[in-house]
Amino acid sequence: MIKTFYFYKGDIDFTPFEFEESITLDGIRNKLITSGFMTSSESNDFRFINYQNKQLDYTDMVVGMGSEIYIPLKGIHGQNSQIYLTDVNKKKETDLIGFSTDWWFDRYMSCRMKLNTTDPEASNANKGKFPPFMLTNVKTANPNLPGISLENVVVCEKDSVIEFELSSWASAGYGFTIKPTSGSPINSEPLYRTFKSCPKDGDNFGKSTLRCYFTKNQGQHKSTIKVVATDSLNLGGDTLNYMKFSIRTWKVTEFKAKDGKTYKCNLPLPVSYQKEETIESSTIPYSKLVNGDESTIPGSTFEPGTTVPTGDQSEQNFGTIYNVKASQSPENIIGEVIFYVFVFKTKEDAEAVFGKMNDINPSIWEG
């Protein structure tokens, strides 16, 4: 049966072609060249993305030219009949390939970035903006870029006002920090989620949300968090690490509450987590599961980003505890997620990427 498919070649502009679903990729490549969609020279650089792939390896995401004689069109196209060819030799503005996910995971913690819809000024600033688009197991289309290991990526619209949500195992509680490798930390001092009980089964889990800067006695204290472009950076450049963020949680064993009582719990970190099927809906399973939707973000549509204070004050309040006993030594780290921030260059680019190019599982937009 002949169908219309939408072909992209390293950008967001598509061209429709009609093909039999059974035609193999090598036959498509020849017809794309003879039609003038790409030149013979370009053809040496471009590879097909396998939108139906569920494996995490680069060689499964990007179809090798030697495999094209065996793979039919129906085996790689996306749900919106999109076909994407990526330039595997490009060194800047390189495409990103990964799996959409609504949480990032590491050991016994998970986290995500969301739009701040709680603080009034933030909610107003975010009207009409796409929610942050999170990817995991991210690869650059060019596998030979030196020193680049992305793993987790979030792409936002410029000037989105965001918040972070964490879910983590705990003992008497857990401490957490959110910070870029360069620039101001989101919280310059540790924040804590604590418990006044110490369950025998060690099944303590808790959520935390941070929607503002926490910097005692500094001007940006409680300012909401905005994502902006860092125009001087280039993918593959020496300053790539500026975009790298870390969210870490660690074990708290003792604290004194405002009621004057001291609470203690020194549970060992779990060896494995076996109760995912009994977790309440408010707690996130601790696994590497993703939605399974492979996605491509064209390199021409995004640029490096970072966070800055907006200057608007958040209404978030923080409690106080005393005499905290905690350790960030390796044996007490519950989990740490490293991720990179990018921003779409224009709203039109965001709309194009979330159109036919990426058929996104609707659940990632739910708050």
# chains A, B, ... in the order shown; residues from 1 in each chain; ligands from 1
$ closest_atom_pairs --of "range 70-110 of chain A" --to "range 25-29 of chain A" --cutoff "7 Å" --atoms "only C-alpha atoms" --output "tab-separated table"
residue	atom	partner	partner_atom	distance
A:Ile71	CA	A:Leu25	CA	6.1
A:Pro72	CA	A:Leu25	CA	5.9
A:Leu73	CA	A:Leu25	CA	6.1
$ closest_atom_pairs --of "range 61-154 of chain A" --to "range 205-221 of chain A" --cutoff "9 Å" --atoms "only C-alpha atoms" --output "JSON lines"
{"residue": "A:Met109", "atom": "CA", "partner": "A:Phe205", "partner_atom": "CA", "distance": 9.0}
{"residue": "A:Asn116", "atom": "CA", "partner": "A:Arg211", "partner_atom": "CA", "distance": 6.7}
{"residue": "A:Thr118", "atom": "CA", "partner": "A:Arg211", "partner_atom": "CA", "distance": 8.7}
{"residue": "A:Asp119", "atom": "CA", "partner": "A:Arg211", "partner_atom": "CA", "distance": 8.5}
$ residues_around --residues "range 340-356 of chain A" --least-positions-apart "3" --cutoff "9 Å" --atoms "only C-alpha atoms" --output "MDAnalysis selection string"
chainID A and resid 6 12:14 78:82 129:130 150:159 227:230 241:246 296:298 300:307 359:360
$ atom_distance --atom1 "CA of Thr177 in chain A" --atom2 "CA of Met134 in chain A"
19.7 Å
$ atom_distance --atom1 "CA of Ser223 in chain A" --atom2 "CA of Asp259 in chain A"
29.1 Å
$ residues_around --residues "Val337 in chain A" --least-positions-apart "2" --cutoff "10 Å" --atoms "only C-alpha atoms" --output "VMD selection string"
chain A and resid 104 to 107 109 to 112 151 to 152 178 245 to 249 335 339
$ select_by_dssp --residues "range 125-329 of chain A" --states "strand (DSSP E)" --output "ChimeraX atom specification"
/A:133-140,151-157,161-169,173-180,191-194,205-210,223-229,244-256,262-264,294-297,302-313,322-326
$ select_by_dssp --residues "range 81-244 of chain A" --states "helix (DSSP H, G or I)" --output "list in words"
Pro120, Glu121, Ala122, Ser123, Asn124, Ala125, Leu240, Asn241, Tyr242 and Met243 of chain A
$ write_last_selection --atoms "N, CA and C atoms" --output "CSV table (one decimal), in the first residue's frame"
chain,number,residue,atom,x,y,z
A,120,PRO,N,2.4,33.1,41.3
A,120,PRO,CA,1.5,33.9,40.3
A,120,PRO,C,2.3,34.5,39.2
A,121,GLU,N,3.5,35.2,39.5
A,121,GLU,CA,4.2,35.8,38.4
A,121,GLU,C,4.8,34.7,37.4
A,122,ALA,N,5.2,33.6,38.0
A,122,ALA,CA,5.7,32.5,37.2
A,122,ALA,C,4.7,31.9,36.3
A,123,SER,N,3.5,31.7,36.9
A,123,SER,CA,2.4,31.1,36.1
A,123,SER,C,2.0,32.1,34.9
A,124,ASN,N,2.0,33.3,35.2
A,124,ASN,CA,1.7,34.3,34.1
A,124,ASN,C,2.8,34.3,33.0
A,125,ALA,N,4.0,34.2,33.4
A,125,ALA,CA,5.2,34.2,32.5
A,125,ALA,C,5.1,33.0,31.6
A,240,LEU,N,31.3,23.5,27.2
A,240,LEU,CA,30.1,22.7,27.3
A,240,LEU,C,29.6,22.5,28.7
A,241,ASN,N,30.6,22.3,29.6
A,241,ASN,CA,30.2,21.9,31.0
A,241,ASN,C,29.4,23.0,31.7
A,242,TYR,N,29.3,24.2,31.2
A,242,TYR,CA,28.5,25.2,31.8
A,242,TYR,C,27.1,24.8,31.9
A,243,MET,N,26.6,24.0,31.0
A,243,MET,CA,25.2,23.6,31.0
A,243,MET,C,24.9,22.5,31.9
$ closest_residue --among "A:Ser295, A:Asn137, A:Asn187, A:Ser67" --to "Ser149 in chain A" --atoms "only C-alpha atoms"
A:Asn137
$ atom_distance --atom1 "CA of Tyr263 in chain A" --atom2 "CA of Lys196 in chain A"
6.0 Å
$ residues_around --residues "Phe48 in chain A" --least-positions-apart "2" --cutoff "7 Å" --atoms "only C-alpha atoms" --output "list of chain:residue names"
A:Phe46, A:Asn50, A:Val62, A:Val63, A:Tyr84, A:Leu85, A:Thr86
$ closest_residue --among "A:Val161, A:Ala257, A:Leu135, A:Ile23" --to "Leu96 in chain A" --atoms "only C-alpha atoms"
A:Leu135
$ residues_around --residues "Ser40 in chain A" --least-positions-apart "5" --cutoff "12 Å" --atoms "only C-alpha atoms" --output "list in words"
Arg29, Asn30, Lys31, Leu32, Ile33, Thr34, Ser35, Asp45 and Phe46 of chain A
$ residues_around --residues "Asp60 in chain A" --least-positions-apart "5" --cutoff "10 Å" --atoms "only C-alpha atoms" --output "list in words"
Ile49, Asn50, Tyr51, Gln52, Asn53, Lys54 and Gln55 of chain A
$ write_last_selection --atoms "C-alpha atoms" --output "JSON list (two decimals), in the first residue's frame"
[["chain", "number", "residue", "atom", "x", "y", "z"],
["A", 49, "ILE", "CA", 16.69, 7.40, 12.64],
["A", 50, "ASN", "CA", 14.76, 4.33, 13.81],
["A", 51, "TYR", "CA", 11.70, 5.79, 15.54],
["A", 52, "GLN", "CA", 10.45, 2.33, 16.51],
["A", 53, "ASN", "CA", 13.63, 1.37, 18.32],
["A", 54, "LYS", "CA", 13.35, 0.53, 22.04],
["A", 55, "GLN", "CA", 17.05, -0.27, 22.59]]
$ decode --residues "range 304-353 of chain A" --atoms "N, CA and C atoms" --output "compact mmCIF listing (two decimals), in the first residue's frame"
# COMPACT_ATOMS: atom_id res chain seq x y z
N PRO A 304 22.56 26.13 23.93
CA PRO A 304 22.81 25.87 25.35
C PRO A 304 22.05 26.84 26.25
N GLY A 305 21.66 26.35 27.40
CA GLY A 305 20.93 27.18 28.35
C GLY A 305 21.45 27.01 29.77
N THR A 306 21.03 27.89 30.63
CA THR A 306 21.34 27.82 32.05
C THR A 306 20.22 28.50 32.81
N THR A 307 20.33 28.57 34.13
CA THR A 307 19.29 29.19 34.93
C THR A 307 19.79 30.48 35.56
N VAL A 308 18.87 31.44 35.73
CA VAL A 308 19.17 32.71 36.39
C VAL A 308 17.98 33.09 37.26
N PRO A 309 18.19 33.92 38.28
CA PRO A 309 17.06 34.42 39.06
C PRO A 309 16.21 35.37 38.23
N THR A 310 14.90 35.28 38.37
CA THR A 310 14.01 36.18 37.65
C THR A 310 13.91 37.55 38.33
N GLY A 311 14.12 37.57 39.65
CA GLY A 311 13.88 38.78 40.42
C GLY A 311 12.50 38.79 41.06
N ASP A 312 11.57 37.95 40.57
CA ASP A 312 10.25 37.83 41.18
C ASP A 312 10.34 36.89 42.38
N GLN A 313 9.68 37.24 43.45
CA GLN A 313 9.74 36.44 44.66
C GLN A 313 8.75 35.29 44.63
N SER A 314 9.25 34.11 44.99
CA SER A 314 8.40 32.94 45.13
C SER A 314 7.66 32.97 46.46
N GLU A 315 6.49 32.36 46.49
CA GLU A 315 5.74 32.25 47.73
C GLU A 315 6.11 31.00 48.52
N GLN A 316 7.11 30.23 48.03
CA GLN A 316 7.50 29.01 48.72
C GLN A 316 8.14 29.34 50.06
N ASN A 317 7.76 28.61 51.10
CA ASN A 317 8.31 28.79 52.44
C ASN A 317 9.13 27.57 52.84
N PHE A 318 10.08 27.78 53.74
CA PHE A 318 10.98 26.72 54.17
C PHE A 318 10.92 26.59 55.69
N GLY A 319 10.84 25.36 56.16
CA GLY A 319 10.87 25.12 57.60
C GLY A 319 12.30 25.13 58.12
N THR A 320 12.44 24.90 59.40
CA THR A 320 13.76 24.94 60.04
C THR A 320 13.95 23.69 60.88
N ILE A 321 15.10 23.06 60.75
CA ILE A 321 15.52 21.99 61.64
C ILE A 321 16.93 22.30 62.12
N TYR A 322 17.36 21.58 63.17
CA TYR A 322 18.63 21.90 63.83
C TYR A 322 19.46 20.63 64.01
N ASN A 323 20.76 20.85 64.23
CA ASN A 323 21.67 19.76 64.60
C ASN A 323 21.55 18.57 63.64
N VAL A 324 21.56 18.87 62.37
CA VAL A 324 21.40 17.81 61.37
C VAL A 324 22.68 16.97 61.28
N LYS A 325 22.50 15.66 61.34
CA LYS A 325 23.62 14.75 61.12
C LYS A 325 23.41 14.08 59.78
N ALA A 326 24.30 14.38 58.87
CA ALA A 326 24.19 13.86 57.51
C ALA A 326 25.59 13.72 56.94
N SER A 327 25.69 12.97 55.87
CA SER A 327 27.00 12.78 55.23
C SER A 327 26.83 12.63 53.74
N GLN A 328 27.72 13.31 53.00
CA GLN A 328 27.75 13.17 51.55
C GLN A 328 28.91 12.28 51.11
N SER A 329 29.40 11.45 52.00
CA SER A 329 30.42 10.49 51.61
C SER A 329 29.79 9.49 50.64
N PRO A 330 30.59 8.86 49.77
CA PRO A 330 30.01 8.01 48.72
C PRO A 330 29.03 6.97 49.23
N GLU A 331 29.29 6.39 50.39
CA GLU A 331 28.40 5.32 50.87
C GLU A 331 27.05 5.85 51.36
N ASN A 332 26.92 7.17 51.50
CA ASN A 332 25.66 7.75 51.96
C ASN A 332 24.92 8.52 50.87
N ILE A 333 25.45 8.52 49.66
CA ILE A 333 24.74 9.16 48.55
C ILE A 333 23.60 8.26 48.11
N ILE A 334 22.40 8.80 48.10
CA ILE A 334 21.23 8.03 47.70
C ILE A 334 21.12 7.99 46.18
N GLY A 335 21.37 9.10 45.54
CA GLY A 335 21.34 9.15 44.09
C GLY A 335 21.80 10.51 43.60
N GLU A 336 22.29 10.56 42.37
CA GLU A 336 22.68 11.84 41.77
C GLU A 336 22.40 11.77 40.27
N VAL A 337 21.64 12.73 39.78
CA VAL A 337 21.32 12.82 38.36
C VAL A 337 22.07 14.01 37.78
N ILE A 338 22.78 13.77 36.69
CA ILE A 338 23.47 14.82 35.95
C ILE A 338 22.67 15.08 34.67
N PHE A 339 22.38 16.34 34.38
CA PHE A 339 21.63 16.63 33.16
C PHE A 339 22.11 17.94 32.55
N TYR A 340 21.74 18.13 31.30
CA TYR A 340 22.11 19.32 30.54
C TYR A 340 20.85 20.09 30.15
N VAL A 341 20.97 21.41 30.12
CA VAL A 341 19.84 22.27 29.76
C VAL A 341 20.10 22.92 28.41
N PHE A 342 19.09 22.84 27.54
CA PHE A 342 19.10 23.56 26.27
C PHE A 342 17.80 24.34 26.16
N VAL A 343 17.79 25.35 25.31
CA VAL A 343 16.56 26.10 25.05
C VAL A 343 16.30 26.14 23.55
N PHE A 344 15.02 26.12 23.19
CA PHE A 344 14.67 26.31 21.79
C PHE A 344 14.97 27.75 21.38
N LYS A 345 15.46 27.89 20.16
CA LYS A 345 15.80 29.23 19.69
C LYS A 345 14.56 30.08 19.47
N THR A 346 13.47 29.46 19.03
CA THR A 346 12.23 30.20 18.81
C THR A 346 11.05 29.33 19.21
N LYS A 347 9.92 29.97 19.46
CA LYS A 347 8.69 29.22 19.74
C LYS A 347 8.28 28.39 18.53
N GLU A 348 8.53 28.92 17.33
CA GLU A 348 8.20 28.19 16.11
C GLU A 348 8.99 26.88 16.02
N ASP A 349 10.28 26.93 16.43
CA ASP A 349 11.08 25.71 16.44
C ASP A 349 10.49 24.69 17.41
N ALA A 350 10.08 25.15 18.58
CA ALA A 350 9.49 24.25 19.57
C ALA A 350 8.23 23.60 19.01
N GLU A 351 7.39 24.39 18.37
CA GLU A 351 6.15 23.86 17.80
C GLU A 351 6.44 22.84 16.71
N ALA A 352 7.47 23.12 15.90
CA ALA A 352 7.81 22.19 14.82
C ALA A 352 8.32 20.87 15.37
N VAL A 353 9.17 20.93 16.38
CA VAL A 353 9.73 19.71 16.96
C VAL A 353 8.63 18.88 17.62
